[in-house]
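Raw structure09.txt, compact mmCIF, C-alpha atoms:
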```txt
# COMPACT_ATOMS: atom_id res chain seq x y z
CA SER A 1 105.23 61.32 140.66
CA GLN A 2 106.24 64.78 141.84
CA GLN A 3 109.01 65.94 139.57
CA GLY A 4 110.00 69.48 140.47
CA GLU A 5 111.12 70.28 143.98
CA GLU A 6 111.57 73.90 144.94
CA ASP A 7 114.03 75.27 147.42
CA PRO A 8 113.62 77.08 149.72
CA GLN A 9 110.04 76.31 150.75
CA ALA A 10 109.68 79.84 152.11
CA LEU A 11 111.67 83.02 151.54
CA SER A 12 111.23 86.41 153.17
CA ILE A 13 113.23 89.42 151.98
CA GLN A 14 113.12 93.21 152.04
CA GLU A 15 111.68 95.17 149.16
CA GLY A 16 114.36 96.01 146.64
CA GLU A 17 116.44 92.90 147.32
CA ASN A 18 116.82 90.05 144.86
CA ALA A 19 115.04 86.75 145.37
CA THR A 20 116.41 83.44 144.14
CA MET A 21 114.44 80.21 144.05
CA ASN A 22 115.70 76.83 142.90
CA CYS A 23 114.02 73.82 141.38
CA SER A 24 115.31 70.30 140.89
CA TYR A 25 113.78 67.56 138.80
CA LYS A 26 114.41 63.90 138.18
CA THR A 27 113.79 62.87 134.58
CA SER A 28 114.63 64.31 131.17
CA ILE A 29 112.49 67.22 130.03
CA ASN A 30 111.59 69.14 126.90
CA ASN A 31 111.11 72.35 128.80
CA LEU A 32 110.72 73.81 132.27
CA GLN A 33 108.27 76.52 133.22
CA TRP A 34 107.81 78.85 136.18
CA TYR A 35 104.40 79.96 137.40
CA ARG A 36 103.26 82.40 140.08
CA GLN A 37 100.23 81.97 142.28
CA ASN A 38 98.84 84.73 144.41
CA SER A 39 97.00 83.62 147.52
CA GLY A 40 93.66 82.05 146.63
CA ARG A 41 94.09 82.63 142.92
CA GLY A 42 94.95 80.69 139.80
CA LEU A 43 98.40 80.31 138.30
CA VAL A 44 100.03 82.86 136.05
CA HIS A 45 102.68 81.75 133.58
CA LEU A 46 105.97 83.58 134.00
CA ILE A 47 108.52 82.03 131.69
CA LEU A 48 109.34 78.87 129.74
CA ILE A 49 112.87 77.68 129.11
CA ARG A 50 113.60 74.87 126.67
CA SER A 51 116.01 72.05 127.38
CA ASN A 52 118.53 73.42 124.85
CA GLU A 53 118.55 76.86 126.48
CA ARG A 54 120.71 77.82 129.45
CA GLU A 55 119.37 81.22 130.40
CA LYS A 56 116.34 83.34 129.67
CA HIS A 57 115.26 86.83 130.71
CA SER A 58 111.89 88.48 130.96
CA GLY A 59 111.77 91.92 132.58
CA ARG A 60 113.00 91.51 136.16
CA LEU A 61 113.00 87.72 135.86
CA ARG A 62 116.02 85.61 135.01
CA VAL A 63 115.78 81.85 134.66
CA THR A 64 118.67 79.44 134.29
CA LEU A 65 118.57 75.78 133.40
CA ASP A 66 121.30 73.20 134.00
CA THR A 67 120.22 69.93 132.43
CA SER A 68 123.36 68.13 133.64
CA LYS A 69 122.34 68.87 137.23
CA LYS A 70 118.63 68.68 136.47
CA SER A 71 118.07 72.03 138.12
CA SER A 72 116.74 75.50 137.40
CA SER A 73 116.75 78.79 139.22
CA LEU A 74 114.44 81.78 139.11
CA LEU A 75 115.88 85.16 140.04
CA ILE A 76 113.62 88.14 140.67
CA THR A 77 115.59 91.35 140.79
CA ALA A 78 114.64 94.55 142.62
CA SER A 79 111.72 92.84 144.36
CA ARG A 80 108.45 94.65 144.99
CA ALA A 81 105.64 94.05 147.45
CA ALA A 82 103.50 92.87 144.54
CA ASP A 83 105.94 89.97 143.99
CA THR A 84 104.65 88.37 147.20
CA ALA A 85 103.24 85.03 146.00
CA SER A 86 104.01 81.34 145.68
CA TYR A 87 106.27 80.34 142.82
CA PHE A 88 106.16 76.92 141.19
CA CYS A 89 108.35 75.21 138.67
CA ALA A 90 106.70 72.75 136.32
CA THR A 91 108.15 70.19 133.98
CA ASP A 92 106.73 67.96 131.31
CA GLU A 93 107.27 64.21 131.47
CA GLY A 94 107.35 63.62 127.76
CA ALA A 95 103.59 63.81 127.88
CA GLN A 96 100.99 66.52 127.55
CA LYS A 97 100.82 67.43 131.22
CA LEU A 98 102.74 69.50 133.75
CA VAL A 99 104.28 68.16 136.93
CA PHE A 100 104.55 70.81 139.62
CA GLY A 101 106.80 71.14 142.62
CA GLN A 102 105.65 72.11 146.09
CA GLY A 103 106.42 75.75 145.50
CA THR A 104 108.36 78.53 147.22
CA ARG A 105 106.35 81.02 149.25
CA LEU A 106 107.95 84.40 148.73
CA THR A 107 107.20 87.32 151.05
CA ILE A 108 108.46 90.80 150.24
CA ASN A 109 108.57 93.04 153.31
CA PRO A 110 108.10 96.79 152.75
CA ASN B 111 89.56 87.40 124.61
CA ALA B 112 88.23 85.92 127.83
CA GLY B 113 90.55 83.69 129.78
CA VAL B 114 89.80 80.26 131.14
CA MET B 115 86.56 80.36 133.05
CA GLN B 116 85.61 78.09 135.89
CA ASN B 117 82.43 77.88 137.87
CA PRO B 118 81.44 77.81 140.53
CA ARG B 119 84.32 79.55 142.30
CA HIS B 120 83.30 78.06 145.62
CA LEU B 121 81.31 74.90 146.17
CA VAL B 122 80.17 73.40 149.45
CA ARG B 123 78.90 69.85 149.57
CA ARG B 124 78.00 67.41 152.31
CA ARG B 125 79.56 63.99 152.39
CA GLY B 126 77.89 61.67 149.91
CA GLN B 127 76.68 64.42 147.56
CA GLU B 128 77.90 65.00 144.03
CA ALA B 129 80.12 67.87 142.92
CA ARG B 130 80.17 69.18 139.35
CA LEU B 131 82.92 71.57 138.35
CA ARG B 132 82.83 73.36 135.00
CA CYS B 133 85.59 74.74 132.85
CA SER B 134 85.39 76.76 129.64
CA PRO B 135 88.77 76.92 127.90
CA MET B 136 90.18 79.97 126.20
CA LYS B 137 88.79 80.66 122.76
CA GLY B 138 90.63 78.61 120.19
CA HIS B 139 92.02 76.13 122.73
CA SER B 140 91.04 72.52 122.23
CA HIS B 141 93.04 70.94 125.07
CA VAL B 142 91.88 70.98 128.67
CA TYR B 143 93.70 69.83 131.80
CA TRP B 144 92.42 69.43 135.36
CA TYR B 145 94.68 69.74 138.40
CA ARG B 146 94.00 69.45 142.13
CA GLN B 147 95.75 71.49 144.79
CA LEU B 148 95.69 70.65 148.47
CA PRO B 149 96.50 73.44 150.97
CA GLU B 150 100.17 74.45 151.00
CA GLU B 151 100.98 72.06 148.15
CA GLY B 152 101.65 72.22 144.45
CA LEU B 153 99.19 71.25 141.77
CA LYS B 154 98.76 67.58 140.91
CA PHE B 155 97.71 66.53 137.43
CA MET B 156 94.42 64.69 137.18
CA VAL B 157 93.28 64.41 133.57
CA TYR B 158 93.94 65.72 130.07
CA LEU B 159 91.13 65.93 127.55
CA GLN B 160 90.51 67.00 124.01
CA LYS B 161 87.06 67.44 122.53
CA GLU B 162 85.11 64.22 123.13
CA ASN B 163 88.29 62.33 124.10
CA ILE B 164 90.10 61.55 127.33
CA ILE B 165 93.80 61.51 126.42
CA ASP B 166 95.43 60.89 129.79
CA GLU B 167 93.62 60.18 133.05
CA SER B 168 96.58 58.77 134.91
CA GLY B 169 96.10 61.24 137.79
CA MET B 170 92.42 60.54 138.34
CA PRO B 171 91.33 58.41 141.28
CA LYS B 172 89.87 55.19 139.94
CA GLU B 173 86.55 55.58 141.70
CA ARG B 174 84.05 58.41 142.04
CA PHE B 175 85.88 60.81 139.69
CA SER B 176 85.07 61.34 136.03
CA ALA B 177 85.71 64.01 133.44
CA GLU B 178 84.34 64.90 130.05
CA PHE B 179 84.83 67.53 127.38
CA PRO B 180 81.86 67.31 125.04
CA LYS B 181 81.71 68.61 121.51
CA GLU B 182 79.62 71.51 122.71
CA GLY B 183 79.86 73.16 126.09
CA PRO B 184 82.35 73.23 128.92
CA SER B 185 84.52 70.50 130.33
CA ILE B 186 83.03 68.91 133.44
CA LEU B 187 84.85 67.32 136.36
CA ARG B 188 82.41 65.23 138.33
CA ILE B 189 82.99 63.84 141.80
CA GLN B 190 80.40 61.43 143.09
CA GLN B 191 79.77 60.65 146.76
CA VAL B 192 82.23 63.26 147.96
CA VAL B 193 84.31 62.68 151.08
CA ARG B 194 86.15 65.18 153.27
CA GLY B 195 89.44 64.29 151.58
CA ASP B 196 88.09 65.69 148.32
CA SER B 197 88.21 69.19 149.80
CA ALA B 198 90.72 71.07 147.65
CA ALA B 199 91.10 73.68 144.95
CA TYR B 200 90.50 72.29 141.47
CA PHE B 201 92.11 74.14 138.61
CA CYS B 202 91.43 73.84 134.94
CA ALA B 203 93.96 74.87 132.30
CA SER B 204 93.79 75.02 128.54
CA SER B 205 96.26 75.17 125.69
CA PRO B 206 96.23 75.21 121.91
CA GLY B 207 97.85 71.80 122.24
CA GLN B 208 100.35 71.91 119.40
CA GLY B 209 103.83 70.52 119.76
CA ASP B 210 105.58 70.04 123.09
CA VAL B 211 103.90 70.88 126.37
CA GLY B 212 104.00 74.65 126.41
CA GLU B 213 102.33 77.35 128.41
CA GLN B 214 99.04 76.37 129.94
CA PHE B 215 96.50 79.03 130.79
CA PHE B 216 94.86 78.52 134.15
CA GLY B 217 91.42 79.40 135.38
CA PRO B 218 90.77 80.91 138.83
CA GLY B 219 89.90 77.52 140.29
CA THR B 220 86.95 76.03 142.14
CA ARG B 221 87.37 75.63 145.86
CA LEU B 222 85.47 72.58 147.02
CA THR B 223 84.65 72.19 150.68
CA VAL B 224 83.12 68.95 151.87
CA LEU B 225 81.37 69.17 155.21
```
Final structure tokens representation of the file:
Amino acid sequence: SQQGEEDPQALSIQEGENATMNCSYKTSINNLQWYRQNSGRGLVHLILIRSNEREKHSGRLRVTLDTSKKSSSLLITASRAADTASYFCATDEGAQKLVFGQGTRLTINP
Amino acid sequence: NAGVMQNPRHLVRRRGQEARLRCSPMKGHSHVYWYRQLPEEGLKFMVYLQKENIIDESGMPKERFSAEFPKEGPSILRIQQVVRGDSAAYFCASSPGQGDVGEQFFGPGTRLTVL
């Protein structure tokens, strides 16, 4: 079953602006992760947030997790052209595998 | 420390042929996962393996698909009698495999095209 669902499906902003992507999931989780995928490439791990954490930062990335709403958000501040990619949230299902959402395609316009 | 390696990067097969996709995990990683990605979609879990063991194959189609991770050598995802619907990008990931599901390290993928 597809657990994470990202919103919006596509996002286009100007360089320097902030980008916010959301993810919702259905079942209980141990952690939630965000990955980036550049066109035609593999996935790169961005950040992992555990179910007992509410917010986590890594450089220009900020991730929040609301387990009561079963949702997470990824904020990229001061966006750059190099941030253009697809972003996926992934959750575990109490098993040793990741369940990915459909992704948000982010385009940063110069 | 080399990352996850997959080969070939691109594979073209005609309907009915066999496709063999290889994955070498990161050094020190004993857990391998295979995912399939259709165009404009997220990755879908196929199978999780440890050395010489299939741990979870709940995402594998029941027919034509098989996977192995032998004691020596890479993990192999094998698709027999390929059909056009098998055209996709196949990604392998590896992890140390301790504790909860943590970060998985992904290879560059194999793009399979079935003519």
TODO: Write out as a list of chain:residue names the residues lying within 8 Å of region 133-137 of chain B, counting all atoms listed in the file and excluding same-chain residues fewer than 6 positions away.
DONE: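 The contact residues come out as B:Asn111, B:Ala112, B:Gly113, B:Val114, B:Met115, B:Gln116, B:Asn117, B:Gly183, B:Pro184, B:Ser185, B:Ile186, B:Cys202, B:Ala203, B:Ser204, B:Ser205, B:Phe215, B:Gly217.
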Note to self: Counting all atoms listed in the file, which residue out of B:Gly138, B:Gly126, B:Pro180, B:Pro206 sits closest to chain A?
What the structure shows: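 Ranked by minimum distance to chain A, first place goes to B:Pro206.
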Quick one: residues within 7 Å of region 193-199 of chain B, all atoms listed in the file counted, chain neighbours fewer than 5 positions away excluded, as JSON, numbers by chain? {"B": [125, 126, 146, 147, 148, 219, 220, 221, 222, 223, 224, 225]}
Exercise. Can you work out the spacing between CA of Tyr87 (chain A) and CA of Gln102 (chain A) in Å, to one decimal?
Key: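 Answer for the CA of Tyr87 (chain A) to CA of Gln102 (chain A) separation: 8.9 Å.
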Considering all atoms listed in the file, return as a ChimeraX atom specification whatever protein or nucleic-acid residues lie within 10 Å of region 163-167 of chain B, sequence-local ones (same chain, fewer than 3 positions apart) excluded. /A:95-97 /B:141-144,155-160,170-172,176-181
task = Dump as a PyMOL selection string the residues of chain A that approach chain B to within 6 Å, counting all atoms listed in the file.
result = chain A and resi 41-43+96+100-102
Exercise for the section: Could you jot down the CA of Asp66 (chain A) to CA of Ala90 (chain A) separation for me, Å, one decimal place? Expected result: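 Distance between the two atoms: 14.8 Å.
Interatomic distance, CA of Ser73 (chain A) against CA of Thr20 (chain A): 6.8 Å.
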The centre and edge lengths of an axis-aligned box containing all atoms of region 73-89 of chain A present in the file, extended by 5 Å on each side, are to be given in Å to one decimal, as JSON.
```
{"center_x": 110.0, "center_y": 84.9, "center_z": 143.1, "size_x": 23.5, "size_y": 29.4, "size_z": 18.8}
```
Which residues are close to Ala78 (chain A), i.e. within 9 Å by only C-alpha atoms, leaving aside same-chain residues fewer than 5 positions away? Reply as JSON, numbers by chain. {"A": [15, 16, 17, 18, 19, 60]}
Review point. With only C-alpha atoms as the atoms that count, which of A:Thr67, A:Thr91, A:Gln33, A:Thr84 lies nearest to Arg105 (chain A)?
Key: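 Among the listed residues, the smallest separation from Arg105 (chain A) belongs to A:Thr84.
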